[in-house]
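Student: The structure that follows is given in the form of structure tokens.
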Amino acid sequence: VQLQASGGGLVQVGGSLRLSCAASGSIRSPNYMAWYRQAPGKEREFVAAISWSGGNKYYTSSTKGRFTISRDNAKNTVYLQMNSPEPDDTAVYYCASDRGQRHSGSTWYLRPNEYDYWGQGTLVTVSS
């Protein structure tokens with residue numbers, strides 16, 4: 001299984017950017033997909049996650065209302081629409097997928113070790 005993230009680049013405060021992550025290979029469905037990010041000198045942090053059907057979406061508090069996660073299962077692709085980005089959103093963004101397993105705990109989606117497949121990352125730089 002390979003995840004290929006794309007769409008990163010330079011964006012100004014108040015602009016918008018859409019990240020994509022295409023999955024290839026065999027992932028058992030239903031699976032969750034997620035976006036994480038890592039800023040320079042900081043730990044990797046959760047951004048958003050989405051269930052197979054799209055009925056469950058989770059966001060970190062700092063991005064809720066500005067970022068939207070979505071997916072197109074026919075294209076095996078997950079997206080992150082970034083609206084009104086801020087300089088603190090500057091980071092390398094990684095997509096991830098679990099392998100369709102069951103999870104325990106109400107906040108399991110925050111834990112990186114719940115995801116089995118990771119993309120290579122795409123850099124987003126927000127300029128003011």
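Each chain in the structure tokens gets a letter, A, B, ..., in the order shown, and its residues are numbered from 1; ligands are numbered from 1 in order too.
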Counting only C-alpha atoms, what is within 10 Å of Ser16 (chain A), bar same-chain residues fewer than 2 positions away, as an MDAnalysis selection string?

Tutor: chainID A and resid 11:14 18 66:67 81:85 126

Student: Can you pull out the residues contacting His103 (chain A)? Cut-off 9 Å, using only C-alpha atoms, and skip same-chain residues under 5 positions away; I want them as a list in words.

Tutor: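 Result of the neighbour search: Trp108, Tyr109 and Glu114 of chain A.
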
Student: Keeping all heavy atoms for every residue in the selection just given, could you write it to a file as a compact mmCIF listing (two decimals), in the first residue's frame?

Tutor:
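Written out: part25.txt:
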# COMPACT_ATOMS: atom_id res chain seq x y z
N TRP A 108 -9.45 7.49 19.75
CA TRP A 108 -8.41 6.67 19.14
C TRP A 108 -7.78 7.36 17.94
O TRP A 108 -6.59 7.17 17.67
CB TRP A 108 -8.99 5.32 18.71
CG TRP A 108 -9.99 5.46 17.61
CD1 TRP A 108 -11.35 5.57 17.74
CD2 TRP A 108 -9.72 5.56 16.22
NE1 TRP A 108 -11.93 5.73 16.52
CE2 TRP A 108 -10.96 5.72 15.56
CE3 TRP A 108 -8.55 5.52 15.46
CZ2 TRP A 108 -11.06 5.83 14.18
CZ3 TRP A 108 -8.66 5.64 14.08
CH2 TRP A 108 -9.90 5.80 13.46
N TYR A 109 -8.56 8.17 17.22
CA TYR A 109 -8.10 8.76 15.97
C TYR A 109 -6.95 9.74 16.19
O TYR A 109 -6.27 10.14 15.25
CB TYR A 109 -9.25 9.47 15.25
CG TYR A 109 -10.01 10.43 16.12
CD1 TYR A 109 -9.59 11.73 16.28
CD2 TYR A 109 -11.13 9.99 16.82
CE1 TYR A 109 -10.27 12.60 17.11
CE2 TYR A 109 -11.83 10.86 17.66
CZ TYR A 109 -11.38 12.15 17.80
OH TYR A 109 -12.06 13.00 18.62
N GLU A 114 -2.41 4.21 15.52
CA GLU A 114 -3.63 3.55 15.05
C GLU A 114 -3.65 3.46 13.52
O GLU A 114 -4.51 2.78 12.96
CB GLU A 114 -4.86 4.33 15.53
CG GLU A 114 -5.03 4.37 17.03
CD GLU A 114 -5.54 3.06 17.61
OE1 GLU A 114 -5.98 2.18 16.83
OE2 GLU A 114 -5.52 2.92 18.85

Student: Which one of A:Asp89, A:Ala74, A:Gln38, A:Ile27 sits closest to Ser62 (chain A) if you count only C-alpha atoms?

Tutor: A:Asp89

Student: Which residue out of A:Thr90, A:Gln101, A:Ser26, A:Thr107 has the minimum interatomic distance to Lys42 (chain A) when only C-alpha atoms are used?

Tutor: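 Ranked by minimum distance to Lys42 (chain A), first place goes to A:Thr90.
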
Student: When you draw a straight line from CA of Lys64 (chain A) to CA of Val1 (chain A), how long is it in Å?

Tutor: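 Between CA of Lys64 (chain A) and CA of Val1 (chain A) the gap is 29.1 Å.
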
Student: DSSP on the backbone, then: every residue of chain A marked strand (DSSP E or B), written as a PyMOL selection string.

Tutor: chain A and resi 2-6+9-12+16-24+33-38+45-50+57-59+64+67-72+77-83+91-97+117-118+122-127

Student: If I take CA of Asp72 (chain A) and CA of Asn113 (chain A), how far is one from the other in Å, to one decimal?

Tutor: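 These atoms are spaced 24.0 Å apart.
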
Student: Hey, can you check how far CA of Tyr58 (chain A) sits from CA of Ser104 (chain A)?

Tutor: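 Here the two named atoms are 15.4 Å from each other.
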
Student: Which one is closest to Ala34 (chain A): A:Ser51, A:Ser61, A:Ser106, A:Thr125? Count only C-alpha atoms.

Tutor: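 Between A:Ser51, A:Ser61, A:Ser106, A:Thr125, the residue approaching Ala34 (chain A) most closely is A:Ser51.
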
Student: So which residues touch Gly9 (chain A) within 8 Å, counting only C-alpha atoms, skipping near sequence neighbours fewer than 6 positions away, as a list in words?

Tutor: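 That gives Thr122, Leu123, Val124 and Thr125 of chain A.
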
Student: Where in chain A does DSSP assign helix (DSSP H, G or I), given as a PyMOL selection string?

Tutor: chain A and resi 73-75+87-89+108-110+112-114

Student: Could you please take those selected residues and save N, CA and C atoms as a PDB file, in the first residue's frame?

Tutor:
ATOM      1  N   ASN A  73     -14.018   7.604  -2.518  1.00  0.00           N
ATOM      2  CA  ASN A  73     -13.612   6.200  -2.465  1.00  0.00           C
ATOM      3  C   ASN A  73     -13.428   5.595  -3.852  1.00  0.00           C
ATOM      4  N   ALA A  74     -14.124   6.112  -4.828  1.00  0.00           N
ATOM      5  CA  ALA A  74     -13.939   5.605  -6.191  1.00  0.00           C
ATOM      6  C   ALA A  74     -12.534   5.911  -6.703  1.00  0.00           C
ATOM      7  N   LYS A  75     -11.952   6.986  -6.196  1.00  0.00           N
ATOM      8  CA  LYS A  75     -10.598   7.370  -6.594  1.00  0.00           C
ATOM      9  C   LYS A  75      -9.564   7.027  -5.529  1.00  0.00           C
ATOM     10  N   PRO A  87      -0.289  31.432   9.659  1.00  0.00           N
ATOM     11  CA  PRO A  87       1.135  31.059   9.696  1.00  0.00           C
ATOM     12  C   PRO A  87       1.420  29.825  10.554  1.00  0.00           C
ATOM     13  N   ASP A  88       0.649  29.628  11.623  1.00  0.00           N
ATOM     14  CA  ASP A  88       0.858  28.454  12.471  1.00  0.00           C
ATOM     15  C   ASP A  88       0.466  27.149  11.787  1.00  0.00           C
ATOM     16  N   ASP A  89      -0.169  27.238  10.634  1.00  0.00           N
ATOM     17  CA  ASP A  89      -0.503  26.026   9.889  1.00  0.00           C
ATOM     18  C   ASP A  89       0.664  25.558   9.011  1.00  0.00           C
ATOM     19  N   TRP A 108      -9.450   7.493  19.754  1.00  0.00           N
ATOM     20  CA  TRP A 108      -8.405   6.670  19.141  1.00  0.00           C
ATOM     21  C   TRP A 108      -7.776   7.363  17.945  1.00  0.00           C
ATOM     22  N   TYR A 109      -8.556   8.166  17.224  1.00  0.00           N
ATOM     23  CA  TYR A 109      -8.099   8.756  15.966  1.00  0.00           C
ATOM     24  C   TYR A 109      -6.951   9.745  16.190  1.00  0.00           C
ATOM     25  N   LEU A 110      -6.745  10.152  17.422  1.00  0.00           N
ATOM     26  CA  LEU A 110      -5.648  11.068  17.723  1.00  0.00           C
ATOM     27  C   LEU A 110      -4.298  10.361  17.771  1.00  0.00           C
ATOM     28  N   PRO A 112      -1.235   8.333  16.517  1.00  0.00           N
ATOM     29  CA  PRO A 112      -0.592   7.963  15.247  1.00  0.00           C
ATOM     30  C   PRO A 112      -0.421   6.463  15.073  1.00  0.00           C
ATOM     31  N   ASN A 113      -0.249   5.726  16.150  1.00  0.00           N
ATOM     32  CA  ASN A 113      -0.017   4.291  15.997  1.00  0.00           C
ATOM     33  C   ASN A 113      -1.277   3.520  15.635  1.00  0.00           C
ATOM     34  N   GLU A 114      -2.408   4.208  15.524  1.00  0.00           N
ATOM     35  CA  GLU A 114      -3.629   3.550  15.052  1.00  0.00           C
ATOM     36  C   GLU A 114      -3.652   3.457  13.523  1.00  0.00           C
TER      37      GLU A 114
END
